[in-house]
Amino acid sequence: MDFVVGPDVLLILFLVAMLAGFVDTIAGGGGLITIPVLLLAQVPPINALATNKLQGSFGTLTSSLTMLRKRVVRFEDVWKPALLAFAGAALDTFIIQLVDVSVLDIVIPVVLIMIGLYFLFTPSAGKLERSPRMNARLFNCTVVPLIAFYDGVFGPGTGSFFSLANVALRGQQIIKATANAKVFNFASNVASVALFVLGGKVLWLIGGIMIVGQIIGAYAGSLMVISHGSKFIRPLIVLVCFVMVTRYLLEKL
């Protein structure tokens, strides 16, 4: 599809992608920043979603590789759940048309509020490793693909969902939980990106410019996660969750 934008708009999209990559790496919700700007740039909605998925996947790839290189997470610990996250998102492709997703209009705001309140009123959440409430096999085979399935259906907040699940159910320290969330989120993104690319919905010039911004922002966000830990991550997760709820409810009014 031919879609032309000027250099000034491309510069704005680059800067927006850089900010989104930084925020998304720490707390999730980067799409809240990029999608509205893409729509303001008069990008058709389906192309905006496709291009956003493409550029966002490079952000999660960058943060995942950074976390792996810094040994915050280990490849041998994450490749299986990441594969299941990919499967969960891919499964959505086949059954989404058979499911009434209108229930998400009620479920999503409630879940986002619960995540925000959990981190707001549980200051100790994720500060230290705790005994897991769910074993790794059950968690990887149920929770991870379910969240990835949601990512294929809807998307916003996926990183926050993964982080909360890692903290609350696996007892992980918040830096490790956030790092794992990025790997799982990248895996779930790949399935969606592949479908958008095959469908010819991606705007490659815009996507390419935003990819560069995403990589820069995601790398900076990864370093911030590693160096500042829970004192920086928790407040941003709370803020992002409540912003997502507010925006979501305003869209439905």
# chains A, B, ... in the order shown; residues from 1 in each chain; ligands from 1
>>> residues_around(residues="segment 65-73 of chain A", least_positions_apart="5", cutoff="7 Å", atoms="only C-alpha atoms", output="PyMOL selection string")
chain A and resi 176+179-180+219+222
>>> write_last_selection(atoms="N, CA, C and O atoms", output="short mmCIF file (atom, residue, chain, number, x, y, z; two decimals), in the first residue's frame")
data_model
loop_
_atom_site.label_atom_id
_atom_site.label_comp_id
_atom_site.auth_asym_id
_atom_site.auth_seq_id
_atom_site.Cartn_x
_atom_site.Cartn_y
_atom_site.Cartn_z
N LYS A 176 13.84 -9.49 37.22
CA LYS A 176 13.78 -10.75 36.47
C LYS A 176 12.39 -10.92 35.84
O LYS A 176 12.28 -11.39 34.69
N ALA A 179 12.19 -8.77 32.82
CA ALA A 179 13.03 -9.32 31.75
C ALA A 179 12.34 -10.51 31.08
O ALA A 179 12.31 -10.62 29.85
N ASN A 180 11.79 -11.41 31.89
CA ASN A 180 11.06 -12.55 31.32
C ASN A 180 9.86 -12.08 30.51
O ASN A 180 9.55 -12.64 29.45
N TYR A 219 16.61 -0.21 24.41
CA TYR A 219 17.93 -0.46 25.01
C TYR A 219 18.12 0.42 26.24
O TYR A 219 18.57 -0.06 27.29
N SER A 222 16.00 -0.96 29.02
CA SER A 222 16.58 -2.18 29.60
C SER A 222 17.65 -1.84 30.63
O SER A 222 17.71 -2.44 31.70
#
>>> residues_around(residues="segment 134-140 of chain A", least_positions_apart="4", cutoff="10 Å", atoms="only C-alpha atoms", output="PyMOL selection string")
chain A and resi 77-78+80-85+144-146+165-166+168-171
>>> residues_around(residues="Ile46 of chain A", least_positions_apart="6", cutoff="12 Å", atoms="only C-alpha atoms", output="VMD selection string")
chain A and resid 1 35 38 to 39 52 to 53 196 to 197 199 to 203
>>> write_last_selection(atoms="N, CA, C and O atoms", output="mmCIF file, in the first residue's frame")
data_model
loop_
_atom_site.group_PDB
_atom_site.id
_atom_site.type_symbol
_atom_site.label_atom_id
_atom_site.label_comp_id
_atom_site.auth_asym_id
_atom_site.auth_seq_id
_atom_site.Cartn_x
_atom_site.Cartn_y
_atom_site.Cartn_z
ATOM 1 N N MET A 1 0.857 -1.200 0.000
ATOM 2 C CA MET A 1 0.000 0.000 0.000
ATOM 3 C C MET A 1 0.886 1.240 0.000
ATOM 4 O O MET A 1 1.834 1.351 0.781
ATOM 5 N N ILE A 35 0.221 4.124 18.790
ATOM 6 C CA ILE A 35 -0.975 3.973 17.958
ATOM 7 C C ILE A 35 -1.728 5.293 17.776
ATOM 8 O O ILE A 35 -2.095 5.653 16.647
ATOM 9 N N LEU A 38 0.177 7.400 15.274
ATOM 10 C CA LEU A 38 0.032 6.879 13.918
ATOM 11 C C LEU A 38 -1.322 7.261 13.329
ATOM 12 O O LEU A 38 -1.422 7.643 12.153
ATOM 13 N N LEU A 39 -2.358 7.185 14.140
ATOM 14 C CA LEU A 39 -3.694 7.549 13.666
ATOM 15 C C LEU A 39 -3.785 9.052 13.395
ATOM 16 O O LEU A 39 -4.424 9.480 12.430
ATOM 17 N N ASN A 52 2.488 -0.769 13.928
ATOM 18 C CA ASN A 52 2.807 -0.691 15.352
ATOM 19 C C ASN A 52 3.341 -2.025 15.873
ATOM 20 O O ASN A 52 4.301 -2.061 16.642
ATOM 21 N N LYS A 53 2.721 -3.115 15.461
ATOM 22 C CA LYS A 53 3.190 -4.446 15.885
ATOM 23 C C LYS A 53 4.602 -4.699 15.394
ATOM 24 O O LYS A 53 5.446 -5.248 16.115
ATOM 25 N N PHE A 196 0.480 -9.931 9.774
ATOM 26 C CA PHE A 196 0.323 -8.609 9.185
ATOM 27 C C PHE A 196 1.207 -8.446 7.947
ATOM 28 O O PHE A 196 0.794 -7.840 6.956
ATOM 29 N N VAL A 197 2.417 -8.968 8.013
ATOM 30 C CA VAL A 197 3.330 -8.875 6.869
ATOM 31 C C VAL A 197 2.774 -9.657 5.685
ATOM 32 O O VAL A 197 2.743 -9.168 4.549
ATOM 33 N N GLY A 199 -0.228 -10.317 5.110
ATOM 34 C CA GLY A 199 -1.435 -9.648 4.619
ATOM 35 C C GLY A 199 -1.159 -8.331 3.931
ATOM 36 O O GLY A 199 -2.098 -7.676 3.462
ATOM 37 N N GLY A 200 0.115 -7.927 3.873
ATOM 38 C CA GLY A 200 0.470 -6.687 3.198
ATOM 39 C C GLY A 200 -0.022 -5.433 3.899
ATOM 40 O O GLY A 200 -0.249 -4.402 3.255
ATOM 41 N N LYS A 201 -0.158 -5.485 5.226
ATOM 42 C CA LYS A 201 -0.716 -4.350 5.970
ATOM 43 C C LYS A 201 0.337 -3.419 6.555
ATOM 44 O O LYS A 201 0.005 -2.351 7.067
ATOM 45 N N VAL A 202 1.617 -3.814 6.498
ATOM 46 C CA VAL A 202 2.678 -3.020 7.118
ATOM 47 C C VAL A 202 3.115 -1.888 6.190
ATOM 48 O O VAL A 202 3.314 -2.103 4.990
ATOM 49 N N LEU A 203 3.282 -0.702 6.736
ATOM 50 C CA LEU A 203 3.853 0.430 5.999
ATOM 51 C C LEU A 203 5.349 0.456 6.321
ATOM 52 O O LEU A 203 5.756 0.852 7.415
#
>>> select_by_dssp(residues="segment 19-226 of chain A", states="helix (DSSP H, G or I)", output="PyMOL selection string")
chain A and resi 19-27+31-40+45-69+75-98+101-121+136-153+158-168+174-198+204-226
>>> closest_residue(among="A:Asn189, A:Thr158, A:Gln214, A:Thr246", to="Thr34 of chain A", atoms="only C-alpha atoms")
A:Gln214
>>> residues_around(residues="Ile211 of chain A", least_positions_apart="2", cutoff="12 Å", atoms="only C-alpha atoms", output="ChimeraX atom specification")
/A:10,13-21,34,51-62,203-209,213-218
>>> write_last_selection(atoms="N, CA, C and O atoms", output="short mmCIF file (atom, residue, chain, number, x, y, z; two decimals), in the first residue's frame")
data_model
loop_
_atom_site.label_atom_id
_atom_site.label_comp_id
_atom_site.auth_asym_id
_atom_site.auth_seq_id
_atom_site.Cartn_x
_atom_site.Cartn_y
_atom_site.Cartn_z
N LEU A 10 7.84 11.86 9.89
CA LEU A 10 8.73 10.73 10.15
C LEU A 10 9.61 11.00 11.37
O LEU A 10 9.86 10.09 12.17
N LEU A 13 7.45 10.51 14.43
CA LEU A 13 7.21 9.08 14.66
C LEU A 13 8.46 8.40 15.22
O LEU A 13 8.35 7.50 16.07
N PHE A 14 9.62 8.80 14.77
CA PHE A 14 10.88 8.26 15.30
C PHE A 14 11.00 8.57 16.79
O PHE A 14 11.31 7.70 17.62
N LEU A 15 10.75 9.83 17.18
CA LEU A 15 10.87 10.24 18.58
C LEU A 15 9.81 9.57 19.44
O LEU A 15 10.09 9.15 20.58
N VAL A 16 8.61 9.44 18.90
CA VAL A 16 7.53 8.78 19.63
C VAL A 16 7.87 7.31 19.86
O VAL A 16 7.65 6.76 20.95
N ALA A 17 8.41 6.66 18.83
CA ALA A 17 8.80 5.25 18.97
C ALA A 17 9.90 5.08 20.00
O ALA A 17 9.91 4.10 20.76
N MET A 18 10.83 6.01 20.06
CA MET A 18 11.90 5.94 21.04
C MET A 18 11.34 6.03 22.47
O MET A 18 11.72 5.25 23.35
N LEU A 19 10.42 6.97 22.68
CA LEU A 19 9.77 7.09 23.99
C LEU A 19 8.98 5.83 24.32
O LEU A 19 9.04 5.31 25.44
N ALA A 20 8.23 5.34 23.33
CA ALA A 20 7.41 4.15 23.55
C ALA A 20 8.27 2.93 23.87
O ALA A 20 7.92 2.12 24.74
N GLY A 21 9.40 2.79 23.19
CA GLY A 21 10.29 1.67 23.47
C GLY A 21 10.83 1.71 24.88
O GLY A 21 10.94 0.68 25.56
N THR A 34 2.24 4.98 20.68
CA THR A 34 2.48 4.95 19.23
C THR A 34 1.21 4.91 18.39
O THR A 34 1.12 5.61 17.37
N THR A 51 1.72 -1.80 11.50
CA THR A 51 3.00 -1.12 11.59
C THR A 51 3.45 -1.00 13.04
O THR A 51 4.63 -1.14 13.36
N ASN A 52 2.49 -0.77 13.93
CA ASN A 52 2.81 -0.69 15.35
C ASN A 52 3.34 -2.03 15.87
O ASN A 52 4.30 -2.06 16.64
N LYS A 53 2.72 -3.12 15.46
CA LYS A 53 3.19 -4.45 15.89
C LYS A 53 4.60 -4.70 15.39
O LYS A 53 5.45 -5.25 16.11
N LEU A 54 4.87 -4.32 14.15
CA LEU A 54 6.21 -4.53 13.59
C LEU A 54 7.25 -3.76 14.38
O LEU A 54 8.24 -4.35 14.85
N GLN A 55 7.05 -2.46 14.54
CA GLN A 55 8.08 -1.66 15.22
C GLN A 55 8.17 -2.05 16.70
O GLN A 55 9.27 -2.09 17.27
N GLY A 56 7.04 -2.37 17.32
CA GLY A 56 7.05 -2.76 18.71
C GLY A 56 7.80 -4.07 18.95
O GLY A 56 8.44 -4.26 19.99
N SER A 57 7.71 -4.98 17.98
CA SER A 57 8.40 -6.27 18.13
C SER A 57 9.92 -6.09 18.17
O SER A 57 10.63 -6.84 18.83
N PHE A 58 10.42 -5.06 17.47
CA PHE A 58 11.87 -4.80 17.52
C PHE A 58 12.27 -4.21 18.87
O PHE A 58 13.40 -4.41 19.33
N GLY A 59 11.34 -3.51 19.51
CA GLY A 59 11.60 -3.03 20.87
C GLY A 59 11.71 -4.18 21.84
O GLY A 59 12.65 -4.24 22.65
N THR A 60 10.76 -5.12 21.78
CA THR A 60 10.81 -6.27 22.69
C THR A 60 11.99 -7.18 22.36
O THR A 60 12.57 -7.79 23.26
N LEU A 61 12.35 -7.27 21.07
CA LEU A 61 13.54 -8.04 20.70
C LEU A 61 14.79 -7.43 21.31
O LEU A 61 15.64 -8.13 21.89
N THR A 62 14.92 -6.12 21.20
CA THR A 62 16.10 -5.43 21.74
C THR A 62 16.20 -5.61 23.25
O THR A 62 17.27 -5.93 23.78
N LEU A 203 3.28 -0.70 6.74
CA LEU A 203 3.85 0.43 6.00
C LEU A 203 5.35 0.46 6.32
O LEU A 203 5.76 0.85 7.42
N TRP A 204 6.16 0.05 5.35
CA TRP A 204 7.56 -0.27 5.65
C TRP A 204 8.42 0.96 5.93
O TRP A 204 9.33 0.90 6.77
N LEU A 205 8.19 2.07 5.24
CA LEU A 205 9.01 3.25 5.51
C LEU A 205 8.77 3.76 6.92
O LEU A 205 9.72 3.99 7.69
N ILE A 206 7.51 3.90 7.27
CA ILE A 206 7.16 4.35 8.64
C ILE A 206 7.66 3.33 9.65
O ILE A 206 8.26 3.70 10.68
N GLY A 207 7.42 2.05 9.36
CA GLY A 207 7.85 1.01 10.28
C GLY A 207 9.36 1.01 10.48
O GLY A 207 9.85 0.86 11.60
N GLY A 208 10.10 1.20 9.39
CA GLY A 208 11.56 1.20 9.48
C GLY A 208 12.09 2.33 10.33
O GLY A 208 13.00 2.14 11.17
N ILE A 209 11.53 3.53 10.13
CA ILE A 209 11.95 4.69 10.94
C ILE A 209 11.63 4.45 12.42
O ILE A 209 12.44 4.73 13.31
N GLY A 213 13.89 4.02 16.29
CA GLY A 213 13.54 4.66 17.55
C GLY A 213 13.26 3.65 18.65
O GLY A 213 13.71 3.82 19.80
N GLN A 214 12.53 2.59 18.31
CA GLN A 214 12.21 1.55 19.29
C GLN A 214 13.48 0.90 19.84
O GLN A 214 13.59 0.65 21.05
N ILE A 215 14.42 0.61 18.98
CA ILE A 215 15.66 -0.05 19.42
C ILE A 215 16.41 0.82 20.42
O ILE A 215 16.87 0.36 21.46
N ILE A 216 16.51 2.12 20.10
CA ILE A 216 17.21 3.05 20.99
C ILE A 216 16.49 3.13 22.34
O ILE A 216 17.09 3.03 23.42
N GLY A 217 15.15 3.33 22.29
CA GLY A 217 14.38 3.46 23.52
C GLY A 217 14.37 2.20 24.35
O GLY A 217 14.49 2.25 25.58
N ALA A 218 14.24 1.05 23.69
CA ALA A 218 14.18 -0.22 24.41
C ALA A 218 15.51 -0.53 25.09
O ALA A 218 15.56 -1.06 26.20
#
>>> atom_distance(atom1="atom CA of Ser192 of chain A", atom2="atom CA of Tyr118 of chain A")
29.3 Å
